[in-house]
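S.K.: Provided herewith is a single structure, encoded as structure tokens, for subsequent inquiry.
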Amino acid sequence: MISFREKDYMYSYNKMKPKAFSTHLHKYYELLYFVKGDATYVVEGNEYKAEDGDLFITCPGELHSIVFKSDKDYERHFIQISEDFLTEEGCDMLKLLREKPFGKNN
């Protein structure tokens, strides 16, 4: 596992055997790049069959989890970014993320 955290963002890489992830939420925007595995990504009750190379985006407060379908290795990268960081950088992405309905287009 590789991971680092700064004031306004966090990065993590992990390759592991699947373990249970309960439904949870964050105060940050999360971008999860699904490298490989056999899983379903669930956001606000909507299920997305994870395919190798998928990118999932969750907004602060969106309930989400990963459900593993087998013992196949799970590999992913994720980044969590604070709203302050997006605002400071003047990024238009913040507007797009704020307008996205919960559980849609993840």
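Starting from 1 in every chain, residues are counted up; chains themselves are A, B, ... following the order of the structure tokens, and ligands are numbered from 1 as listed.
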Report as JSON lines the residues of region 7-56 of chain A within 6 Å of region 77-82 of chain A, each with its shortest atom pair and distance in Å (one decimal), using only C-alpha atoms, ordered by chain and increasing residue number.
M.R.:
```
{"residue": "A:Asp8", "atom": "CA", "partner": "A:Ser82", "partner_atom": "CA", "distance": 5.1}
{"residue": "A:Tyr9", "atom": "CA", "partner": "A:Ile81", "partner_atom": "CA", "distance": 4.4}
{"residue": "A:Met10", "atom": "CA", "partner": "A:Gln80", "partner_atom": "CA", "distance": 5.1}
{"residue": "A:Tyr11", "atom": "CA", "partner": "A:Ile79", "partner_atom": "CA", "distance": 4.5}
{"residue": "A:Ser12", "atom": "CA", "partner": "A:Phe78", "partner_atom": "CA", "distance": 5.4}
{"residue": "A:Tyr13", "atom": "CA", "partner": "A:His77", "partner_atom": "CA", "distance": 4.4}
{"residue": "A:Tyr28", "atom": "CA", "partner": "A:Ser82", "partner_atom": "CA", "distance": 4.8}
{"residue": "A:Tyr29", "atom": "CA", "partner": "A:Ile81", "partner_atom": "CA", "distance": 5.2}
{"residue": "A:Glu30", "atom": "CA", "partner": "A:Gln80", "partner_atom": "CA", "distance": 4.4}
{"residue": "A:Leu31", "atom": "CA", "partner": "A:Ile79", "partner_atom": "CA", "distance": 5.3}
{"residue": "A:Leu32", "atom": "CA", "partner": "A:Phe78", "partner_atom": "CA", "distance": 4.2}
{"residue": "A:Tyr33", "atom": "CA", "partner": "A:His77", "partner_atom": "CA", "distance": 5.1}
```
S.K.: List the spatial neighbours of region 49-58 of chain A as a PDB file with N, CA, C and O atoms, in the first residue's frame - criterion: any atom at most 9 Å away, only C-alpha atoms, same-chain residues fewer than 2 positions off excluded.
M.R.:
```pdb
ATOM      1  N   LEU A  25     -19.244   7.422   3.954  1.00  0.00           N
ATOM      2  CA  LEU A  25     -19.192   8.676   3.208  1.00  0.00           C
ATOM      3  C   LEU A  25     -17.965   9.458   3.641  1.00  0.00           C
ATOM      4  O   LEU A  25     -17.323   9.117   4.630  1.00  0.00           O
ATOM      5  N   HIS A  26     -17.630  10.473   2.863  1.00  0.00           N
ATOM      6  CA  HIS A  26     -16.472  11.313   3.156  1.00  0.00           C
ATOM      7  C   HIS A  26     -16.868  12.781   3.108  1.00  0.00           C
ATOM      8  O   HIS A  26     -17.881  13.133   2.524  1.00  0.00           O
ATOM      9  N   TYR A  28     -14.795  14.720   1.597  1.00  0.00           N
ATOM     10  CA  TYR A  28     -14.037  15.102   0.409  1.00  0.00           C
ATOM     11  C   TYR A  28     -14.663  14.517  -0.851  1.00  0.00           C
ATOM     12  O   TYR A  28     -15.420  13.552  -0.786  1.00  0.00           O
ATOM     13  N   TYR A  29     -14.313  15.084  -1.996  1.00  0.00           N
ATOM     14  CA  TYR A  29     -14.610  14.456  -3.280  1.00  0.00           C
ATOM     15  C   TYR A  29     -13.644  13.294  -3.432  1.00  0.00           C
ATOM     16  O   TYR A  29     -12.477  13.407  -3.070  1.00  0.00           O
ATOM     17  N   GLU A  30     -14.135  12.165  -3.953  1.00  0.00           N
ATOM     18  CA  GLU A  30     -13.278  11.003  -4.110  1.00  0.00           C
ATOM     19  C   GLU A  30     -13.306  10.528  -5.556  1.00  0.00           C
ATOM     20  O   GLU A  30     -14.366  10.390  -6.148  1.00  0.00           O
ATOM     21  N   LEU A  31     -12.115  10.311  -6.107  1.00  0.00           N
ATOM     22  CA  LEU A  31     -11.968   9.717  -7.429  1.00  0.00           C
ATOM     23  C   LEU A  31     -11.282   8.381  -7.217  1.00  0.00           C
ATOM     24  O   LEU A  31     -10.167   8.327  -6.707  1.00  0.00           O
ATOM     25  N   LEU A  32     -11.963   7.298  -7.580  1.00  0.00           N
ATOM     26  CA  LEU A  32     -11.419   5.964  -7.405  1.00  0.00           C
ATOM     27  C   LEU A  32     -11.199   5.356  -8.786  1.00  0.00           C
ATOM     28  O   LEU A  32     -12.140   5.218  -9.567  1.00  0.00           O
ATOM     29  N   TYR A  33      -9.942   5.053  -9.094  1.00  0.00           N
ATOM     30  CA  TYR A  33      -9.590   4.397 -10.352  1.00  0.00           C
ATOM     31  C   TYR A  33      -9.472   2.908 -10.065  1.00  0.00           C
ATOM     32  O   TYR A  33      -8.601   2.477  -9.316  1.00  0.00           O
ATOM     33  N   PHE A  34     -10.380   2.134 -10.654  1.00  0.00           N
ATOM     34  CA  PHE A  34     -10.453   0.690 -10.431  1.00  0.00           C
ATOM     35  C   PHE A  34      -9.528   0.012 -11.438  1.00  0.00           C
ATOM     36  O   PHE A  34      -9.826  -0.057 -12.625  1.00  0.00           O
ATOM     37  N   VAL A  35      -8.378  -0.473 -10.973  1.00  0.00           N
ATOM     38  CA  VAL A  35      -7.405  -1.111 -11.857  1.00  0.00           C
ATOM     39  C   VAL A  35      -7.887  -2.499 -12.245  1.00  0.00           C
ATOM     40  O   VAL A  35      -7.956  -2.836 -13.433  1.00  0.00           O
ATOM     41  N   LYS A  36      -8.217  -3.322 -11.235  1.00  0.00           N
ATOM     42  CA  LYS A  36      -8.723  -4.657 -11.531  1.00  0.00           C
ATOM     43  C   LYS A  36      -9.390  -5.250 -10.305  1.00  0.00           C
ATOM     44  O   LYS A  36      -9.165  -4.806  -9.178  1.00  0.00           O
ATOM     45  N   GLY A  37     -10.207  -6.264 -10.556  1.00  0.00           N
ATOM     46  CA  GLY A  37     -10.898  -6.954  -9.486  1.00  0.00           C
ATOM     47  C   GLY A  37     -12.235  -7.467  -9.968  1.00  0.00           C
ATOM     48  O   GLY A  37     -12.555  -7.389 -11.155  1.00  0.00           O
ATOM     49  N   ASP A  38     -13.005  -7.986  -9.050  1.00  0.00           N
ATOM     50  CA  ASP A  38     -14.334  -8.500  -9.341  1.00  0.00           C
ATOM     51  C   ASP A  38     -15.272  -7.888  -8.311  1.00  0.00           C
ATOM     52  O   ASP A  38     -15.457  -8.437  -7.225  1.00  0.00           O
ATOM     53  N   ALA A  39     -15.819  -6.722  -8.644  1.00  0.00           N
ATOM     54  CA  ALA A  39     -16.567  -5.972  -7.643  1.00  0.00           C
ATOM     55  C   ALA A  39     -17.679  -5.144  -8.266  1.00  0.00           C
ATOM     56  O   ALA A  39     -17.710  -4.907  -9.472  1.00  0.00           O
ATOM     57  N   THR A  40     -18.560  -4.712  -7.402  1.00  0.00           N
ATOM     58  CA  THR A  40     -19.613  -3.769  -7.753  1.00  0.00           C
ATOM     59  C   THR A  40     -19.436  -2.559  -6.846  1.00  0.00           C
ATOM     60  O   THR A  40     -19.241  -2.702  -5.637  1.00  0.00           O
ATOM     61  N   TYR A  41     -19.472  -1.367  -7.441  1.00  0.00           N
ATOM     62  CA  TYR A  41     -19.367  -0.118  -6.698  1.00  0.00           C
ATOM     63  C   TYR A  41     -20.794   0.378  -6.493  1.00  0.00           C
ATOM     64  O   TYR A  41     -21.558   0.506  -7.454  1.00  0.00           O
ATOM     65  N   VAL A  42     -21.171   0.632  -5.256  1.00  0.00           N
ATOM     66  CA  VAL A  42     -22.541   1.032  -4.939  1.00  0.00           C
ATOM     67  C   VAL A  42     -22.519   2.466  -4.412  1.00  0.00           C
ATOM     68  O   VAL A  42     -21.795   2.779  -3.465  1.00  0.00           O
ATOM     69  N   VAL A  43     -23.305   3.339  -5.064  1.00  0.00           N
ATOM     70  CA  VAL A  43     -23.393   4.737  -4.660  1.00  0.00           C
ATOM     71  C   VAL A  43     -24.868   5.102  -4.518  1.00  0.00           C
ATOM     72  O   VAL A  43     -25.634   5.004  -5.484  1.00  0.00           O
ATOM     73  N   GLU A  47     -26.033   0.497  -8.309  1.00  0.00           N
ATOM     74  CA  GLU A  47     -24.925  -0.437  -8.466  1.00  0.00           C
ATOM     75  C   GLU A  47     -24.254  -0.271  -9.817  1.00  0.00           C
ATOM     76  O   GLU A  47     -24.918  -0.170 -10.840  1.00  0.00           O
ATOM     77  N   PRO A  60     -18.869  14.707  -1.611  1.00  0.00           N
ATOM     78  CA  PRO A  60     -19.002  14.680  -0.157  1.00  0.00           C
ATOM     79  C   PRO A  60     -20.438  14.348   0.230  1.00  0.00           C
ATOM     80  O   PRO A  60     -21.388  14.878  -0.345  1.00  0.00           O
ATOM     81  N   GLY A  61     -20.592  13.432   1.168  1.00  0.00           N
ATOM     82  CA  GLY A  61     -21.913  13.073   1.656  1.00  0.00           C
ATOM     83  C   GLY A  61     -22.601  11.955   0.891  1.00  0.00           C
ATOM     84  O   GLY A  61     -23.643  11.473   1.340  1.00  0.00           O
ATOM     85  N   GLU A  62     -22.062  11.511  -0.252  1.00  0.00           N
ATOM     86  CA  GLU A  62     -22.671  10.401  -0.979  1.00  0.00           C
ATOM     87  C   GLU A  62     -22.290   9.085  -0.303  1.00  0.00           C
ATOM     88  O   GLU A  62     -21.112   8.789  -0.134  1.00  0.00           O
ATOM     89  N   LEU A  63     -23.287   8.305   0.059  1.00  0.00           N
ATOM     90  CA  LEU A  63     -23.036   6.997   0.655  1.00  0.00           C
ATOM     91  C   LEU A  63     -22.553   6.043  -0.430  1.00  0.00           C
ATOM     92  O   LEU A  63     -23.155   5.965  -1.504  1.00  0.00           O
ATOM     93  N   HIS A  64     -21.464   5.327  -0.150  1.00  0.00           N
ATOM     94  CA  HIS A  64     -20.922   4.403  -1.143  1.00  0.00           C
ATOM     95  C   HIS A  64     -20.198   3.237  -0.467  1.00  0.00           C
ATOM     96  O   HIS A  64     -19.817   3.322   0.687  1.00  0.00           O
ATOM     97  N   LEU A  97     -19.245  18.932 -10.281  1.00  0.00           N
ATOM     98  CA  LEU A  97     -19.480  17.963  -9.213  1.00  0.00           C
ATOM     99  C   LEU A  97     -20.658  18.369  -8.328  1.00  0.00           C
ATOM    100  O   LEU A  97     -21.442  17.524  -7.907  1.00  0.00           O
ATOM    101  N   PHE A 102     -26.942  13.101  -6.542  1.00  0.00           N
ATOM    102  CA  PHE A 102     -26.403  12.007  -5.731  1.00  0.00           C
ATOM    103  C   PHE A 102     -26.750  10.666  -6.363  1.00  0.00           C
ATOM    104  O   PHE A 102     -27.885  10.435  -6.780  1.00  0.00           O
ATOM    105  N   GLY A 103     -25.756   9.801  -6.440  1.00  0.00           N
ATOM    106  CA  GLY A 103     -25.952   8.455  -6.948  1.00  0.00           C
ATOM    107  C   GLY A 103     -26.089   8.354  -8.456  1.00  0.00           C
ATOM    108  O   GLY A 103     -26.380   7.293  -8.976  1.00  0.00           O
ATOM    109  N   ASN A 105     -24.414   9.159 -12.451  1.00  0.00           N
ATOM    110  CA  ASN A 105     -23.228   9.442 -13.265  1.00  0.00           C
ATOM    111  C   ASN A 105     -21.914   9.286 -12.507  1.00  0.00           C
ATOM    112  O   ASN A 105     -20.991  10.056 -12.694  1.00  0.00           O
ATOM    113  N   ASN A 106     -21.862   8.292 -11.637  1.00  0.00           N
ATOM    114  CA  ASN A 106     -20.650   8.071 -10.872  1.00  0.00           C
ATOM    115  C   ASN A 106     -19.618   7.310 -11.672  1.00  0.00           C
ATOM    116  O   ASN A 106     -18.520   7.182 -11.295  1.00  0.00           O
TER     117      ASN A 106
END
```
S.K.: Step one, run DSSP on the backbone; step two, keep only residues of region 3-106 of chain A assigned to strand (DSSP E); then write them as a ChimeraX atom specification.
M.R.: /A:3-5,9-16,29-36,39-43,46-49,54-58,64-68,74-81
S.K.: Here is a test: counting only C-alpha atoms, which residue of A:Lys17, A:Glu75, A:Lys104, A:His24 is nearest to Ile2 (chain A)?
M.R.: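 Closest candidate: A:Glu75.
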S.K.: What is the distance, in Å and to one decimal place, between CA of Asp71 (chain A) and CA of Pro18 (chain A)?
M.R.: 6.0 Å
S.K.: Mind giving me the straight-line distance from CA of Tyr74 (chain A) to CA of Lys15 (chain A) in Å, one decimal?
M.R.: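 Straight-line distance from CA of Tyr74 (chain A) to CA of Lys15 (chain A) works out to 5.6 Å.
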S.K.: How far is it from CA of Asn14 (chain A) to CA of Ser70 (chain A), in Å with one decimal?
M.R.: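 Between these atoms lies a distance of 17.2 Å.
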S.K.: Write out as a list in words all residues of chain A that backbone DSSP assigns to helix (DSSP H, G or I).
M.R.: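 In chain A, DSSP puts these residues in helix (DSSP H, G or I): Glu83, Asp84, Phe85, Leu86, Thr87, Glu88, Met93, Leu94, Lys95, Leu96, Leu97, Arg98 and Glu99 of chain A.
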